[in-house]
Amino acid sequence: MLKYMENEGNVRSLIPIVVFVILYLGLGILFEYALDIEMGFYKVSVVMVFLVALFVAIYQTKGLSMNDKFSIMGKGVGDPNILMMLIIFLTAGAFVGIVGREGAESVAYCFLTFIPPELSVLVIFIVSAFVSLAMGTSVGTITMLTPISAQIALTTGFNPALCIASTVGGAMFGDNLSFISDTTIAACNGQGCDMKDKFKENLGIALPAAIATCVIIVIMSITSDIGSVEVGDFDLIRMIPYLVVLIGGIIGINVFGVLILGIITAAVIMLGTEAVAFTDMITNMGDSISGMFETSMVAILVAAICALIAYNGGFKVVLSWIRRKFKSKKGGMLGIGLLVGALDVSTANNTVAIIMANPIAKEIANDYDISPKRTASLLDIFSCIFQGIIPYGAQMLVAVSLAVTAGLSVSAFDVIPNLFYPFMLLIATLIFIFFPKRKKAEVTA
């Protein structure tokens, strides 16, 4: 993404990142745990903290006029991949706004209607994965399905932590693979690969992890004492836009085409069934697009900060360290994973972590001949793993908050040991890195 690393390596040029970590992570922990403020970690504006970090980066860039500094930042923000990312973010917001929550609820209720109670937790995982895959948002999926999984726990006797963890795990599976997920968009555009290629690369790792998770959930379910499950009504026609987006993405339609097709399909269904008035539909789309503004602004600020850090030689320091520590292609892939994982732990935002890691990961990939699709896949996977298990991530905070509101007594530290999918995904990824499949030519030789 950034190709103008003009100065020699300078570790001090990484100070803006350190400032961001200290302010964002430090204030979040203070509010959430020391001051016991509900959702305290997210009382801290990521945009505000990144703005402070940007000012630090500007101050550190010596020997240039302010206009020259803005010129450097403009090159970063004006990168075609950044602009494409911003437009896709906003278009995806329009799609989510037009289909509404009722359509996703129909998907969930449809699955839950036709399965026995003994498999209800398994279906929570599968439904969460499907809905998140179609919607492209783990937090949105968790927000919608946690009340259902909480009710299942209350009415069946299943371990509440297992039910909530299955919702979170399934949501992370779908978000990791979805064609309209901001993490997929950020990783693919940052590395310059097609989404369908990243999907195929990603699926070979995520699917075995998901299957292993399903097996574990089934084993735990059949050994539990359960009751019955009651679900609401569903409307099959409201499921169509999600299917259109999912199928369109899988067969390789351009992301803009997929989203526009989904928006048109949803609009026809919503207006044709009189589910919403035209004016309300437009308002909902606008509100959902507005909800993407913070993510878009973060992308802009990160691009500007990274441009200045790159100019000052900061990324050369990181690359030099990784080259010293990881001497092989396998080490390079692990280095990419640890890089984005560390950034995710610091920011509690997997999209931000990917955006920040993109330029360094691209340099590592070039050094070790790692393909763009594999690099994008590793960025998305490792950010998903860390984001899925940190107790102060949006996914965990929302899930636990909704579960407690629904009447469950559960904490993040109850849920984490039951998050089988992120842990299975980590194992599957390490196997993929260190024990790759041998090519046919190598086997027959």
# chains A, B, ... in the order shown; residues from 1 in each chain; ligands from 1
$ residues_around --residues "region 160-167 of chain A" --least-positions-apart "5" --cutoff "9 Å" --atoms "only C-alpha atoms" --output "JSON, numbers by chain"
{"A": [121, 122, 123, 124, 125, 126, 127, 128, 129, 141, 142, 145, 146, 149, 150, 152, 153, 154, 172, 217, 396, 399, 400, 403, 408, 409, 410, 411, 412, 414, 415, 416, 417, 418, 419, 420, 421]}
$ residues_around --residues "region 98-100 of chain A" --least-positions-apart "4" --cutoff "8 Å" --atoms "only C-alpha atoms" --output "list in words"
Ala94, Ala104, Arg238, Pro241, Ile263, Ala266, Ala267, Met270, Met281, Ile282, Asn284 and Met285 of chain A
$ residues_around --residues "Asp68 (chain A)" --least-positions-apart "5" --cutoff "12 Å" --atoms "only C-alpha atoms" --output "PyMOL selection string"
chain A and resi 58+61-63+73-75+308+311
$ residues_around --residues "region 194-199 of chain A" --least-positions-apart "2" --cutoff "10 Å" --atoms "only C-alpha atoms" --output "mmCIF file with C-alpha atoms, in the first residue's frame"
data_model
loop_
_atom_site.group_PDB
_atom_site.id
_atom_site.type_symbol
_atom_site.label_atom_id
_atom_site.label_comp_id
_atom_site.auth_asym_id
_atom_site.auth_seq_id
_atom_site.Cartn_x
_atom_site.Cartn_y
_atom_site.Cartn_z
ATOM 1 C CA ASN A 176 -13.610 -14.091 8.706
ATOM 2 C CA LEU A 177 -14.869 -15.514 5.392
ATOM 3 C CA SER A 178 -17.607 -13.093 4.333
ATOM 4 C CA PHE A 179 -17.148 -11.197 1.069
ATOM 5 C CA ILE A 180 -18.654 -8.035 2.578
ATOM 6 C CA THR A 184 -11.964 -9.282 4.209
ATOM 7 C CA ILE A 185 -12.195 -6.000 2.337
ATOM 8 C CA ALA A 187 -7.048 -7.604 3.844
ATOM 9 C CA CYS A 188 -7.766 -8.200 0.146
ATOM 10 C CA ASN A 189 -7.459 -4.583 -0.922
ATOM 11 C CA GLN A 191 -2.636 -7.065 -0.426
ATOM 12 C CA GLY A 192 -4.078 -6.624 -3.915
ATOM 13 C CA GLU A 201 -7.327 -20.031 0.673
ATOM 14 C CA ASN A 202 -9.117 -19.125 3.908
ATOM 15 C CA LEU A 203 -11.761 -21.848 3.629
ATOM 16 C CA GLY A 204 -9.152 -24.614 3.545
ATOM 17 C CA ALA A 206 -11.357 -22.330 8.559
ATOM 18 C CA GLY A 249 -19.677 -13.691 -3.625
ATOM 19 C CA ILE A 250 -18.842 -17.382 -3.823
ATOM 20 C CA ILE A 251 -19.199 -17.541 -7.620
ATOM 21 C CA GLY A 252 -16.854 -14.590 -7.999
ATOM 22 C CA ILE A 253 -19.046 -11.587 -8.830
ATOM 23 C CA ASN A 254 -17.269 -8.293 -8.164
ATOM 24 C CA VAL A 255 -17.888 -7.074 -4.622
ATOM 25 C CA PRO A 372 -1.096 -12.011 -1.862
ATOM 26 C CA LYS A 373 -4.051 -14.364 -1.289
ATOM 27 C CA ARG A 374 -2.166 -16.256 1.413
ATOM 28 C CA THR A 375 -1.022 -13.049 3.075
ATOM 29 C CA ALA A 376 -4.574 -11.664 3.084
ATOM 30 C CA SER A 377 -5.848 -14.950 4.484
ATOM 31 C CA LEU A 378 -3.266 -14.983 7.297
ATOM 32 C CA ASP A 380 -7.752 -12.067 8.419
#
$ select_by_dssp --residues "region 10-236 of chain A" --states "alpha helix (DSSP H)" --output "ChimeraX atom specification"
/A:15-29,46-60,66-77,80-113,120-135,138-156,160-177,182-191,195-222
$ residues_around --residues "region 15-21 of chain A" --least-positions-apart "3" --cutoff "12 Å" --atoms "only C-alpha atoms" --output "PyMOL selection string"
chain A and resi 10-12+24-29+44-61+301-302+304-310+312-315+342-349+352-353+356-357
$ residues_around --residues "Gly262 (chain A)" --least-positions-apart "6" --cutoff "9 Å" --atoms "only C-alpha atoms" --output "list in words"
Phe95, Val99, Ile240, Pro241, Tyr242, Leu243, Val244, Val245 and Gly248 of chain A
$ decode --residues "region 394-408 of chain A" --atoms "all heavy atoms" --output "PDB file, in the first residue's frame"
ATOM      1  N   ALA A 394     -15.164  -5.965  21.208  1.00  0.00           N
ATOM      2  CA  ALA A 394     -16.578  -5.609  21.053  1.00  0.00           C
ATOM      3  C   ALA A 394     -17.456  -6.855  21.043  1.00  0.00           C
ATOM      4  O   ALA A 394     -18.545  -6.867  21.625  1.00  0.00           O
ATOM      5  CB  ALA A 394     -16.768  -4.809  19.762  1.00  0.00           C
ATOM      6  N   GLN A 395     -16.977  -7.912  20.383  1.00  0.00           N
ATOM      7  CA  GLN A 395     -17.772  -9.132  20.292  1.00  0.00           C
ATOM      8  C   GLN A 395     -18.080  -9.706  21.673  1.00  0.00           C
ATOM      9  O   GLN A 395     -19.229 -10.046  21.984  1.00  0.00           O
ATOM     10  CB  GLN A 395     -17.034 -10.174  19.438  1.00  0.00           C
ATOM     11  CG  GLN A 395     -16.944  -9.841  17.968  1.00  0.00           C
ATOM     12  CD  GLN A 395     -15.863  -8.823  17.634  1.00  0.00           C
ATOM     13  OE1 GLN A 395     -15.131  -8.340  18.508  1.00  0.00           O
ATOM     14  NE2 GLN A 395     -15.745  -8.495  16.361  1.00  0.00           N
ATOM     15  N   MET A 396     -17.045  -9.803  22.501  1.00  0.00           N
ATOM     16  CA  MET A 396     -17.229 -10.378  23.833  1.00  0.00           C
ATOM     17  C   MET A 396     -18.066  -9.470  24.727  1.00  0.00           C
ATOM     18  O   MET A 396     -18.962  -9.932  25.449  1.00  0.00           O
ATOM     19  CB  MET A 396     -15.867 -10.639  24.474  1.00  0.00           C
ATOM     20  CG  MET A 396     -15.935 -11.350  25.810  1.00  0.00           C
ATOM     21  SD  MET A 396     -16.461 -13.071  25.644  1.00  0.00           S
ATOM     22  CE  MET A 396     -14.987 -13.776  24.898  1.00  0.00           C
ATOM     23  N   LEU A 397     -17.789  -8.187  24.690  1.00  0.00           N
ATOM     24  CA  LEU A 397     -18.514  -7.255  25.550  1.00  0.00           C
ATOM     25  C   LEU A 397     -20.003  -7.226  25.212  1.00  0.00           C
ATOM     26  O   LEU A 397     -20.854  -7.221  26.100  1.00  0.00           O
ATOM     27  CB  LEU A 397     -17.913  -5.857  25.431  1.00  0.00           C
ATOM     28  CG  LEU A 397     -16.499  -5.673  25.994  1.00  0.00           C
ATOM     29  CD1 LEU A 397     -15.988  -4.276  25.686  1.00  0.00           C
ATOM     30  CD2 LEU A 397     -16.473  -5.933  27.491  1.00  0.00           C
ATOM     31  N   VAL A 398     -20.312  -7.202  23.926  1.00  0.00           N
ATOM     32  CA  VAL A 398     -21.718  -7.190  23.508  1.00  0.00           C
ATOM     33  C   VAL A 398     -22.408  -8.490  23.901  1.00  0.00           C
ATOM     34  O   VAL A 398     -23.534  -8.488  24.425  1.00  0.00           O
ATOM     35  CB  VAL A 398     -21.825  -6.957  21.987  1.00  0.00           C
ATOM     36  CG1 VAL A 398     -23.246  -7.218  21.490  1.00  0.00           C
ATOM     37  CG2 VAL A 398     -21.411  -5.532  21.632  1.00  0.00           C
ATOM     38  N   ALA A 399     -21.747  -9.625  23.651  1.00  0.00           N
ATOM     39  CA  ALA A 399     -22.351 -10.925  23.955  1.00  0.00           C
ATOM     40  C   ALA A 399     -22.644 -11.073  25.447  1.00  0.00           C
ATOM     41  O   ALA A 399     -23.744 -11.489  25.841  1.00  0.00           O
ATOM     42  CB  ALA A 399     -21.428 -12.049  23.486  1.00  0.00           C
ATOM     43  N   VAL A 400     -21.667 -10.738  26.274  1.00  0.00           N
ATOM     44  CA  VAL A 400     -21.851 -10.880  27.719  1.00  0.00           C
ATOM     45  C   VAL A 400     -22.908  -9.911  28.232  1.00  0.00           C
ATOM     46  O   VAL A 400     -23.753 -10.271  29.062  1.00  0.00           O
ATOM     47  CB  VAL A 400     -20.509 -10.668  28.452  1.00  0.00           C
ATOM     48  CG1 VAL A 400     -20.728 -10.591  29.957  1.00  0.00           C
ATOM     49  CG2 VAL A 400     -19.535 -11.795  28.117  1.00  0.00           C
ATOM     50  N   SER A 401     -22.889  -8.683  27.737  1.00  0.00           N
ATOM     51  CA  SER A 401     -23.868  -7.689  28.164  1.00  0.00           C
ATOM     52  C   SER A 401     -25.291  -8.126  27.839  1.00  0.00           C
ATOM     53  O   SER A 401     -26.188  -8.043  28.683  1.00  0.00           O
ATOM     54  CB  SER A 401     -23.562  -6.345  27.503  1.00  0.00           C
ATOM     55  OG  SER A 401     -24.536  -5.382  27.850  1.00  0.00           O
ATOM     56  N   LEU A 402     -25.502  -8.633  26.629  1.00  0.00           N
ATOM     57  CA  LEU A 402     -26.841  -9.083  26.225  1.00  0.00           C
ATOM     58  C   LEU A 402     -27.257 -10.338  26.996  1.00  0.00           C
ATOM     59  O   LEU A 402     -28.435 -10.510  27.322  1.00  0.00           O
ATOM     60  CB  LEU A 402     -26.871  -9.345  24.721  1.00  0.00           C
ATOM     61  CG  LEU A 402     -26.783  -8.098  23.830  1.00  0.00           C
ATOM     62  CD1 LEU A 402     -26.649  -8.511  22.369  1.00  0.00           C
ATOM     63  CD2 LEU A 402     -28.020  -7.227  24.022  1.00  0.00           C
ATOM     64  N   ALA A 403     -26.292 -11.214  27.261  1.00  0.00           N
ATOM     65  CA  ALA A 403     -26.603 -12.437  28.009  1.00  0.00           C
ATOM     66  C   ALA A 403     -27.043 -12.104  29.429  1.00  0.00           C
ATOM     67  O   ALA A 403     -28.010 -12.682  29.945  1.00  0.00           O
ATOM     68  CB  ALA A 403     -25.385 -13.357  28.037  1.00  0.00           C
ATOM     69  N   VAL A 404     -26.346 -11.180  30.065  1.00  0.00           N
ATOM     70  CA  VAL A 404     -26.721 -10.766  31.416  1.00  0.00           C
ATOM     71  C   VAL A 404     -28.089 -10.092  31.407  1.00  0.00           C
ATOM     72  O   VAL A 404     -28.927 -10.326  32.291  1.00  0.00           O
ATOM     73  CB  VAL A 404     -25.648  -9.819  31.993  1.00  0.00           C
ATOM     74  CG1 VAL A 404     -26.117  -9.213  33.316  1.00  0.00           C
ATOM     75  CG2 VAL A 404     -24.328 -10.565  32.202  1.00  0.00           C
ATOM     76  N   THR A 405     -28.345  -9.274  30.405  1.00  0.00           N
ATOM     77  CA  THR A 405     -29.652  -8.612  30.277  1.00  0.00           C
ATOM     78  C   THR A 405     -30.767  -9.637  30.121  1.00  0.00           C
ATOM     79  O   THR A 405     -31.879  -9.444  30.623  1.00  0.00           O
ATOM     80  CB  THR A 405     -29.653  -7.662  29.064  1.00  0.00           C
ATOM     81  OG1 THR A 405     -28.629  -6.674  29.243  1.00  0.00           O
ATOM     82  CG2 THR A 405     -30.988  -6.965  28.906  1.00  0.00           C
ATOM     83  N   ALA A 406     -30.461 -10.747  29.438  1.00  0.00           N
ATOM     84  CA  ALA A 406     -31.459 -11.792  29.220  1.00  0.00           C
ATOM     85  C   ALA A 406     -31.690 -12.660  30.449  1.00  0.00           C
ATOM     86  O   ALA A 406     -32.588 -13.505  30.465  1.00  0.00           O
ATOM     87  CB  ALA A 406     -31.043 -12.673  28.046  1.00  0.00           C
ATOM     88  N   GLY A 407     -30.866 -12.480  31.479  1.00  0.00           N
ATOM     89  CA  GLY A 407     -31.082 -13.220  32.719  1.00  0.00           C
ATOM     90  C   GLY A 407     -30.031 -14.252  33.045  1.00  0.00           C
ATOM     91  O   GLY A 407     -30.183 -15.015  34.005  1.00  0.00           O
ATOM     92  N   LEU A 408     -28.956 -14.316  32.270  1.00  0.00           N
ATOM     93  CA  LEU A 408     -27.894 -15.270  32.538  1.00  0.00           C
ATOM     94  C   LEU A 408     -26.844 -14.670  33.454  1.00  0.00           C
ATOM     95  O   LEU A 408     -26.625 -13.457  33.462  1.00  0.00           O
ATOM     96  CB  LEU A 408     -27.224 -15.704  31.226  1.00  0.00           C
ATOM     97  CG  LEU A 408     -28.080 -16.480  30.229  1.00  0.00           C
ATOM     98  CD1 LEU A 408     -27.255 -16.799  28.980  1.00  0.00           C
ATOM     99  CD2 LEU A 408     -28.607 -17.766  30.840  1.00  0.00           C
TER     100      LEU A 408
END
